[in-house]
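*Asks:* The following file, structure-v6.cif, comprises mmCIF, C-alpha atoms:
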```cif
data_my_file
#
loop_
_atom_site.group_PDB
_atom_site.id
_atom_site.type_symbol
_atom_site.label_atom_id
_atom_site.label_comp_id
_atom_site.auth_asym_id
_atom_site.auth_seq_id
_atom_site.Cartn_x
_atom_site.Cartn_y
_atom_site.Cartn_z
ATOM 1 C CA MET A 295 -80.422 -42.673 33.750
ATOM 2 C CA ALA A 296 -80.204 -40.298 30.816
ATOM 3 C CA ILE A 297 -76.750 -39.048 29.911
ATOM 4 C CA GLN A 298 -76.502 -35.260 29.997
ATOM 5 C CA ARG A 299 -74.752 -33.798 27.035
ATOM 6 C CA PRO A 300 -72.551 -30.703 27.369
ATOM 7 C CA TYR A 301 -73.837 -27.362 26.144
ATOM 8 C CA GLN A 302 -73.520 -27.177 22.371
ATOM 9 C CA LEU A 303 -74.335 -24.675 19.627
ATOM 10 C CA THR A 304 -74.577 -25.071 15.879
ATOM 11 C CA GLN A 305 -71.912 -23.521 13.655
ATOM 12 C CA SER A 306 -74.246 -20.661 12.679
ATOM 13 C CA GLN A 307 -75.048 -19.994 16.343
ATOM 14 C CA LYS A 308 -71.345 -19.980 17.221
ATOM 15 C CA MET A 309 -70.730 -17.476 14.457
ATOM 16 C CA MET A 310 -73.569 -15.291 15.722
ATOM 17 C CA VAL A 311 -72.125 -15.364 19.255
ATOM 18 C CA PHE A 312 -68.719 -14.460 17.814
ATOM 19 C CA ILE A 313 -70.057 -11.485 15.822
ATOM 20 C CA LEU A 314 -72.309 -10.299 18.661
ATOM 21 C CA SER A 315 -69.400 -10.358 21.124
ATOM 22 C CA MET A 316 -67.112 -8.625 18.627
ATOM 23 C CA SER A 317 -69.540 -5.797 17.867
ATOM 24 C CA LEU A 318 -70.782 -5.255 21.441
ATOM 25 C CA TYR A 319 -67.333 -5.216 22.999
ATOM 26 C CA GLY A 320 -65.946 -3.175 20.128
ATOM 27 C CA LEU A 321 -68.701 -0.628 20.726
ATOM 28 C CA SER A 322 -67.938 -0.491 24.451
ATOM 29 C CA ASN A 323 -64.246 0.099 23.749
ATOM 30 C CA MET A 324 -65.131 3.224 21.825
ATOM 31 C CA PHE A 325 -66.808 4.723 24.881
ATOM 32 C CA THR A 326 -63.903 3.892 27.190
ATOM 33 C CA GLU A 327 -61.760 6.092 24.945
ATOM 34 C CA LEU A 328 -64.024 9.012 25.887
ATOM 35 C CA ILE A 329 -63.745 8.475 29.666
ATOM 36 C CA PRO A 330 -60.847 10.473 31.186
ATOM 37 C CA SER A 331 -58.405 8.877 33.635
ATOM 38 C CA VAL A 332 -57.457 10.215 37.074
ATOM 39 C CA GLN A 333 -53.770 10.434 38.001
ATOM 40 C CA LEU A 334 -52.910 10.060 41.708
ATOM 41 C CA GLY A 335 -49.137 10.337 41.825
ATOM 42 C CA PHE A 336 -47.729 7.342 39.959
ATOM 43 C CA ILE A 337 -51.105 5.559 40.206
ATOM 44 C CA GLU A 338 -53.521 6.016 37.319
ATOM 45 C CA LEU A 339 -57.186 5.254 37.926
ATOM 46 C CA SER A 340 -58.849 4.589 34.606
ATOM 47 C CA VAL A 341 -61.593 2.566 32.977
ATOM 48 C CA GLU A 342 -59.575 0.154 30.860
ATOM 49 C CA TYR A 343 -62.531 -1.788 29.523
ATOM 50 C CA PHE A 344 -66.106 -2.856 30.206
ATOM 51 C CA ALA A 345 -65.162 -6.464 30.904
ATOM 52 C CA PHE A 346 -68.680 -7.383 31.997
ATOM 53 C CA ILE A 347 -69.748 -7.602 28.338
ATOM 54 C CA PRO A 348 -67.451 -10.469 27.267
ATOM 55 C CA LEU A 349 -67.741 -12.060 30.724
ATOM 56 C CA THR A 350 -71.541 -12.166 30.492
ATOM 57 C CA LEU A 351 -71.458 -13.545 26.950
ATOM 58 C CA CYS A 352 -68.823 -16.168 27.856
ATOM 59 C CA ILE A 353 -70.917 -17.349 30.810
ATOM 60 C CA LEU A 354 -74.265 -17.417 28.997
ATOM 61 C CA PHE A 355 -73.131 -18.654 25.599
ATOM 62 C CA HIS A 356 -70.064 -20.365 24.150
ATOM 63 C CA PRO A 357 -66.919 -19.237 26.075
ATOM 64 C CA PHE A 358 -64.465 -19.774 23.226
ATOM 65 C CA TYR A 359 -66.301 -17.881 20.490
ATOM 66 C CA ALA A 360 -67.412 -15.099 22.812
ATOM 67 C CA ALA A 361 -63.856 -14.604 24.098
ATOM 68 C CA ILE A 362 -62.229 -14.602 20.659
ATOM 69 C CA GLY A 363 -64.950 -12.332 19.282
ATOM 70 C CA ALA A 364 -64.434 -9.766 22.047
ATOM 71 C CA SER A 365 -60.667 -9.712 21.541
ATOM 72 C CA LEU A 366 -61.039 -9.262 17.805
ATOM 73 C CA GLY A 367 -63.625 -6.536 18.334
ATOM 74 C CA GLU A 368 -61.168 -4.585 20.454
ATOM 75 C CA ILE A 369 -58.507 -4.862 17.754
ATOM 76 C CA ILE A 370 -60.811 -3.867 14.891
ATOM 77 C CA PHE A 371 -62.865 -1.108 16.502
ATOM 78 C CA GLY A 372 -60.575 -0.006 19.317
ATOM 79 C CA GLU A 373 -57.242 -0.208 17.525
ATOM 80 C CA LEU A 374 -57.336 -0.420 13.728
ATOM 81 C CA MET A 375 -60.188 2.012 13.138
ATOM 82 C CA LEU A 376 -58.630 4.539 15.506
ATOM 83 C CA GLY A 377 -55.167 4.212 13.990
ATOM 84 C CA GLN A 378 -53.625 2.794 17.173
ATOM 85 C CA PHE A 379 -52.674 -0.697 16.038
ATOM 86 C CA GLY A 380 -49.504 -1.881 17.756
ATOM 87 C CA GLY A 381 -48.592 -4.659 15.333
ATOM 88 C CA ILE A 382 -46.969 -7.766 16.802
ATOM 89 C CA GLY A 383 -47.475 -6.306 20.267
ATOM 90 C CA GLU A 384 -51.234 -6.794 19.938
ATOM 91 C CA VAL A 385 -50.734 -10.566 19.988
ATOM 92 C CA GLU A 386 -49.998 -10.482 23.713
ATOM 93 C CA LYS A 387 -53.167 -8.543 24.498
ATOM 94 C CA PHE A 388 -55.257 -10.763 22.227
ATOM 95 C CA ILE A 389 -54.023 -13.991 23.813
ATOM 96 C CA THR A 390 -54.101 -12.920 27.465
ATOM 97 C CA PHE A 391 -57.555 -11.313 27.213
ATOM 98 C CA SER A 392 -59.063 -14.229 25.260
ATOM 99 C CA LEU A 393 -57.545 -16.752 27.662
ATOM 100 C CA GLY A 394 -58.843 -14.891 30.716
ATOM 101 C CA MET A 395 -62.392 -14.557 29.369
ATOM 102 C CA TYR A 396 -62.463 -18.186 28.198
ATOM 103 C CA ILE A 397 -61.346 -19.497 31.594
ATOM 104 C CA ALA A 398 -63.991 -17.354 33.303
ATOM 105 C CA GLY A 399 -66.653 -18.804 30.998
ATOM 106 C CA ILE A 400 -65.781 -22.467 31.534
ATOM 107 C CA LEU A 401 -65.548 -22.094 35.325
ATOM 108 C CA VAL A 402 -69.262 -21.280 35.602
ATOM 109 C CA ARG A 403 -71.379 -24.433 35.666
ATOM 110 C CA ASN A 404 -74.544 -22.774 36.961
ATOM 111 C CA PRO A 405 -75.095 -19.184 35.746
ATOM 112 C CA LEU A 406 -77.528 -18.608 38.626
ATOM 113 C CA ASN A 407 -74.869 -19.397 41.236
ATOM 114 C CA ARG A 408 -73.439 -16.030 42.290
ATOM 115 C CA ARG A 409 -70.466 -17.617 44.039
ATOM 116 C CA GLN A 410 -69.414 -19.417 40.865
ATOM 117 C CA VAL A 411 -69.824 -16.244 38.829
ATOM 118 C CA THR A 412 -67.773 -14.227 41.327
ATOM 119 C CA VAL A 413 -64.924 -16.748 41.391
ATOM 120 C CA ALA A 414 -64.983 -17.024 37.588
ATOM 121 C CA VAL A 415 -64.846 -13.249 37.073
ATOM 122 C CA PHE A 416 -61.859 -12.761 39.359
ATOM 123 C CA ALA A 417 -60.116 -15.839 37.938
ATOM 124 C CA GLY A 418 -60.510 -14.544 34.392
ATOM 125 C CA LEU A 419 -59.342 -11.043 35.294
ATOM 126 C CA LEU A 420 -56.401 -12.418 37.275
ATOM 127 C CA VAL A 421 -55.240 -14.543 34.344
ATOM 128 C CA HIS A 422 -55.440 -11.580 31.971
ATOM 129 C CA HIS A 423 -53.832 -8.946 34.192
ATOM 130 C CA LEU A 424 -51.280 -11.185 35.884
ATOM 131 C CA LEU A 425 -49.865 -12.318 32.553
ATOM 132 C CA GLY A 426 -49.693 -8.684 31.430
ATOM 133 C CA THR A 427 -47.942 -7.723 34.663
ATOM 134 C CA ILE A 428 -45.386 -10.510 34.266
ATOM 135 C CA VAL A 429 -44.685 -9.385 30.712
ATOM 136 C CA ASP A 430 -44.209 -5.731 31.731
ATOM 137 C CA ILE A 431 -41.859 -6.630 34.580
ATOM 138 C CA GLY A 432 -39.938 -9.054 32.374
ATOM 139 C CA LYS A 433 -39.402 -6.441 29.660
ATOM 140 C CA VAL A 434 -37.676 -4.138 32.141
ATOM 141 C CA TRP A 435 -35.587 -6.833 33.798
ATOM 142 C CA VAL A 436 -34.504 -8.348 30.495
ATOM 143 C CA GLY A 437 -33.709 -4.889 29.171
ATOM 144 C CA VAL A 438 -35.911 -4.587 26.097
ATOM 145 C CA GLU A 439 -37.715 -1.638 27.699
ATOM 146 C CA GLU A 440 -36.351 1.177 29.838
ATOM 147 C CA PHE A 441 -38.321 2.043 32.946
ATOM 148 C CA GLU A 442 -36.957 3.113 36.304
ATOM 149 C CA ALA A 443 -39.548 4.696 38.562
ATOM 150 C CA VAL A 444 -36.790 5.084 41.161
ATOM 151 C CA SER A 445 -33.508 6.236 39.648
ATOM 152 C CA GLY A 446 -31.059 3.347 39.472
ATOM 153 C CA LEU A 447 -33.552 0.838 40.856
ATOM 154 C CA ALA A 448 -35.184 -1.209 38.120
ATOM 155 C CA GLU A 449 -36.872 -3.383 40.785
ATOM 156 C CA SER A 450 -39.271 -0.500 41.451
ATOM 157 C CA ILE A 451 -41.217 -1.714 38.421
ATOM 158 C CA VAL A 452 -42.481 -4.557 40.634
ATOM 159 C CA ILE A 453 -44.105 -2.078 43.017
ATOM 160 C CA ILE A 454 -45.598 -0.006 40.199
ATOM 161 C CA GLU A 455 -46.958 -3.015 38.365
ATOM 162 C CA GLY A 456 -48.203 -4.596 41.587
ATOM 163 C CA VAL A 457 -50.201 -1.492 42.455
ATOM 164 C CA SER A 458 -51.512 -1.353 38.898
ATOM 165 C CA LEU A 459 -52.595 -5.006 39.140
ATOM 166 C CA LEU A 460 -54.489 -4.327 42.364
ATOM 167 C CA ASN A 461 -56.115 -1.289 40.752
ATOM 168 C CA ASP A 462 -57.242 -3.356 37.776
ATOM 169 C CA LEU A 463 -58.671 -6.074 40.010
ATOM 170 C CA LEU A 464 -60.178 -4.024 42.828
ATOM 171 C CA PHE A 465 -61.225 -0.833 41.016
ATOM 172 C CA SER A 466 -62.036 -1.680 37.413
ATOM 173 C CA GLY A 467 -62.506 -5.355 38.302
ATOM 174 C CA ILE A 468 -65.271 -4.766 40.827
ATOM 175 C CA LEU A 469 -66.990 -1.726 39.310
ATOM 176 C CA PHE A 470 -66.824 -2.623 35.619
ATOM 177 C CA ALA A 471 -66.605 -6.419 35.673
ATOM 178 C CA LEU A 472 -67.931 -8.168 38.785
ATOM 179 C CA LEU A 473 -70.941 -6.051 39.788
ATOM 180 C CA PRO A 474 -72.447 -5.666 36.278
ATOM 181 C CA THR A 475 -71.826 -9.365 35.541
ATOM 182 C CA LEU A 476 -73.502 -10.441 38.787
ATOM 183 C CA TYR A 477 -76.473 -8.274 37.872
ATOM 184 C CA LEU A 478 -76.797 -9.258 34.206
ATOM 185 C CA VAL A 479 -76.101 -13.013 34.180
ATOM 186 C CA PRO A 480 -78.985 -14.213 36.408
ATOM 187 C CA ARG A 481 -81.396 -11.760 34.811
ATOM 188 C CA LEU A 482 -80.529 -12.667 31.235
ATOM 189 C CA TYR A 483 -80.144 -16.414 31.776
ATOM 190 C CA GLY A 484 -83.037 -18.319 30.224
ATOM 191 C CA LYS A 485 -84.500 -15.141 28.751
ATOM 192 C CA ILE A 486 -82.034 -13.884 26.153
ATOM 193 C CA GLU A 487 -81.175 -17.297 24.669
ATOM 194 C CA PRO A 488 -84.685 -18.048 23.287
ATOM 195 C CA LEU A 489 -84.839 -14.547 21.794
ATOM 196 C CA LEU A 490 -81.671 -15.382 19.887
ATOM 197 C CA GLY A 491 -82.839 -18.833 18.821
ATOM 198 C CA MET A 492 -80.702 -20.754 21.336
ATOM 199 C CA LYS A 493 -81.292 -22.938 24.351
ATOM 200 C CA PRO A 494 -79.844 -21.843 27.713
ATOM 201 C CA ARG A 495 -76.982 -23.736 29.314
ATOM 202 C CA ASN A 496 -78.043 -26.596 31.587
ATOM 203 C CA LYS A 497 -77.625 -25.187 35.089
ATOM 204 C CA ASN A 498 -78.146 -28.617 36.668
ATOM 205 C CA MET A 499 -75.185 -30.258 34.958
ATOM 206 C CA LYS A 500 -72.466 -31.254 37.415
ATOM 207 C CA TYR A 501 -68.765 -30.981 36.646
ATOM 208 C CA THR A 502 -65.718 -31.723 38.748
ATOM 209 C CA ILE A 503 -62.787 -29.325 38.855
ATOM 210 C CA GLY A 504 -60.742 -31.988 37.082
ATOM 211 C CA ALA A 505 -63.243 -32.016 34.229
ATOM 212 C CA ILE A 506 -62.865 -28.255 33.817
ATOM 213 C CA VAL A 507 -59.164 -27.651 34.483
ATOM 214 C CA THR A 508 -57.884 -30.447 32.273
ATOM 215 C CA PRO A 509 -54.199 -31.135 31.470
ATOM 216 C CA LYS A 510 -54.940 -30.048 27.903
ATOM 217 C CA LEU A 511 -56.225 -26.669 29.112
ATOM 218 C CA VAL A 512 -53.158 -26.182 31.322
ATOM 219 C CA VAL A 513 -50.702 -27.088 28.557
ATOM 220 C CA VAL A 514 -52.455 -24.923 25.946
ATOM 221 C CA SER A 515 -52.661 -22.010 28.396
ATOM 222 C CA VAL A 516 -48.938 -22.226 29.168
ATOM 223 C CA LEU A 517 -48.051 -22.375 25.468
ATOM 224 C CA LEU A 518 -50.266 -19.386 24.689
ATOM 225 C CA ALA A 519 -48.736 -17.460 27.585
ATOM 226 C CA VAL A 520 -45.236 -18.146 26.237
ATOM 227 C CA ILE A 521 -46.295 -16.979 22.760
ATOM 228 C CA ALA A 522 -47.835 -13.828 24.244
ATOM 229 C CA ILE A 523 -44.662 -13.019 26.196
ATOM 230 C CA ALA A 524 -42.453 -13.651 23.162
ATOM 231 C CA ALA A 525 -44.641 -11.432 20.947
ATOM 232 C CA GLU A 526 -44.558 -8.566 23.450
ATOM 233 C CA PHE A 527 -40.797 -8.846 23.874
ATOM 234 C CA LEU A 528 -40.410 -8.814 20.097
ATOM 235 C CA SER A 529 -42.547 -5.669 19.827
ATOM 236 C CA GLU A 530 -39.935 -3.768 21.865
ATOM 237 C CA THR A 531 -37.059 -4.714 19.568
ATOM 238 C CA ASP A 532 -35.968 -3.754 16.060
ATOM 239 C CA TRP A 533 -37.788 -6.857 14.823
ATOM 240 C CA ALA A 534 -41.190 -5.337 15.606
ATOM 241 C CA PHE A 535 -43.574 -5.191 12.656
ATOM 242 C CA GLY A 536 -47.199 -4.528 11.792
ATOM 243 C CA GLU A 537 -47.594 -1.170 13.559
ATOM 244 C CA TRP A 538 -50.123 1.086 11.880
ATOM 245 C CA GLU A 539 -50.671 4.756 12.725
ATOM 246 C CA PRO A 540 -52.119 6.528 9.670
ATOM 247 C CA ASP A 541 -51.553 10.262 9.329
ATOM 248 C CA PHE A 542 -55.009 10.979 7.944
ATOM 249 C CA LEU A 543 -56.658 10.549 11.372
ATOM 250 C CA ALA A 544 -55.018 13.742 12.653
ATOM 251 C CA ALA A 545 -56.673 15.667 9.827
ATOM 252 C CA PHE A 546 -60.165 14.558 10.876
ATOM 253 C CA GLY A 547 -59.818 15.439 14.557
ATOM 254 C CA ASP A 548 -61.327 13.909 17.678
ATOM 255 C CA TRP A 549 -64.783 13.607 16.131
ATOM 256 C CA PHE A 550 -63.580 10.657 14.022
ATOM 257 C CA ILE A 551 -64.050 8.350 17.010
ATOM 258 C CA TRP A 552 -67.788 8.485 16.348
ATOM 259 C CA VAL A 553 -67.280 6.736 12.996
ATOM 260 C CA PRO A 554 -66.195 3.372 14.484
ATOM 261 C CA ILE A 555 -68.808 3.841 17.215
ATOM 262 C CA ALA A 556 -71.512 4.134 14.558
ATOM 263 C CA LEU A 557 -70.148 1.165 12.589
ATOM 264 C CA SER A 558 -69.964 -1.111 15.625
ATOM 265 C CA PHE A 559 -73.470 -0.029 16.677
ATOM 266 C CA ILE A 560 -74.838 -0.834 13.212
ATOM 267 C CA ALA A 561 -73.081 -4.213 13.243
ATOM 268 C CA THR A 562 -74.622 -4.996 16.642
ATOM 269 C CA ILE A 563 -78.126 -4.091 15.452
ATOM 270 C CA ILE A 564 -77.746 -6.216 12.302
ATOM 271 C CA VAL A 565 -76.607 -9.232 14.327
ATOM 272 C CA LEU A 566 -79.529 -8.874 16.748
ATOM 273 C CA ILE A 567 -82.014 -8.575 13.881
ATOM 274 C CA VAL A 568 -80.614 -11.654 12.131
ATOM 275 C CA MET A 569 -80.590 -13.692 15.329
ATOM 276 C CA ARG A 570 -84.135 -12.609 16.146
ATOM 277 C CA ALA A 571 -85.306 -13.580 12.648
ATOM 278 C CA LYS A 572 -83.715 -17.022 12.996
ATOM 279 C CA SER A 573 -85.401 -17.452 16.356
ATOM 280 C CA LYS A 574 -88.811 -16.729 14.830
ATOM 281 C CA ARG A 575 -88.179 -19.182 11.990
ATOM 282 C CA ASN A 576 -87.162 -21.897 14.436
ATOM 283 C CA ASN A 577 -90.268 -21.293 16.556
ATOM 284 C CA THR A 578 -92.455 -21.468 13.452
ATOM 285 C CA LYS A 579 -90.898 -24.779 12.406
ATOM 286 C CA GLU A 580 -91.415 -26.229 15.885
ATOM 287 C CA LEU A 581 -95.103 -25.223 15.829
ATOM 288 C CA GLU A 582 -95.515 -26.768 12.386
ATOM 289 C CA ASN A 583 -93.931 -30.017 13.563
ATOM 290 C CA LEU A 584 -96.227 -30.120 16.592
ATOM 291 C CA GLY A 585 -99.221 -29.465 14.353
#
```
Mind turning the file's structure into structure tokens?
*Replies:*
Amino acid sequence: MAIQRPYQLTQSQKMMVFILSMSLYGLSNMFTELIPSVQLGFIELSVEYFAFIPLTLCILFHPFYAAIGASLGEIIFGELMLGQFGGIGEVEKFITFSLGMYIAGILVRNPLNRRQVTVAVFAGLLVHHLLGTIVDIGKVWVGVEEFEAVSGLAESIVIIEGVSLLNDLLFSGILFALLPTLYLVPRLYGKIEPLLGMKPRNKNMKYTIGAIVTPKLVVVSVLLAVIAIAAEFLSETDWAFGEWEPDFLAAFGDWFIWVPIALSFIATIIVLIVMRAKSKRNNTKELENLG
């Protein structure tokens, strides 16, 4: 019986997945800035992100590089280039988002299995948003941030954050994460990989839960969560550093948002062209070897 090897990519392919995820998700973040939010009392309905992009890439390609690429794309195109970089506070968002997308990617063994994809999407979103919720509640209870939705009752933050968590999972999670991912993954699987010079993941490979949720993954996840919480707490103190809000952006006006949109779009096109060219070269070599 032949031993099935886990899905692997070359270093150049990993880098291409990283850059593609960074540019695509960075581009999507620009458009979310243009979508207005709806305020219903203390509940704000908004499109926080188009999570289906990194989720789809993590499921179809390499989860680690796709997740890290998406997080970095948000920082570069959605924060730095718009003059909204929060310094040390961005570490928490980077870690929790990357961890959530990575976990979603490794949970899917068969990209054509809609049940696996559904569970993976909600698991990834829950990891990301739950860690963020814990951090926000902890900041108020510890006292590094002032927030009392009900005067004299700091515990009201639990209700506010709980409602926000449900909104992120049930509103943005279903409309802008689950449904698009369920639509894209089975339709792109086996079709987009050859166009980019890669082989699709082996949908017939069997894994046990123990092989996926390993002690190493649990320990690393806990350590990263602790680092994320510490970084966010630090961002609310006098020890915060790295914040960057340049004054020149106000002089340009709202139209400046189209500059990072154009740059991320160009980066995406370049990556697709390069990957397509490599795919053609690989196909030519294979034909020559067969000949």
*Asks:* When you draw a straight line from CA of Phe355 (chain A) to CA of Thr427 (chain A), how long is it in Å?
*Replies:*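 CA of Phe355 (chain A) sits 28.9 Å away from CA of Thr427 (chain A).
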*Asks:* Would you please work out which residue, of A:Val479, A:Leu473, A:Leu490, A:Ile389, is nearest to Leu351 (chain A) when using all atoms listed in the file?
*Replies:*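 Looking only at the distances to Leu351 (chain A), the closest residue turns out to be A:Val479.
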*Asks:* List as a PyMOL selection string the protein and nucleic acid residues near Leu393 (chain A), meaning an atom at most 8 Å away when all atoms listed in the file are counted, but skip any in the same chain fewer than 4 places from it.
*Replies:* chain A and resi 361+389+397+418+421-422+515
*Asks:* In Å, rounded to a single decimal, give me how far CA of Ile347 (chain A) is from CA of Tyr359 (chain A).
*Replies:*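 Straight-line distance from CA of Tyr359 (chain A) to CA of Ile347 (chain A) works out to 13.4 Å.
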*Asks:* Looking at A:His423, A:His356, A:Lys510, A:Lys387, which one is nearest to Arg495 (chain A), with distances taken over all atoms listed in the file?
*Replies:*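 Smallest distance to Arg495 (chain A) is found for A:His356.
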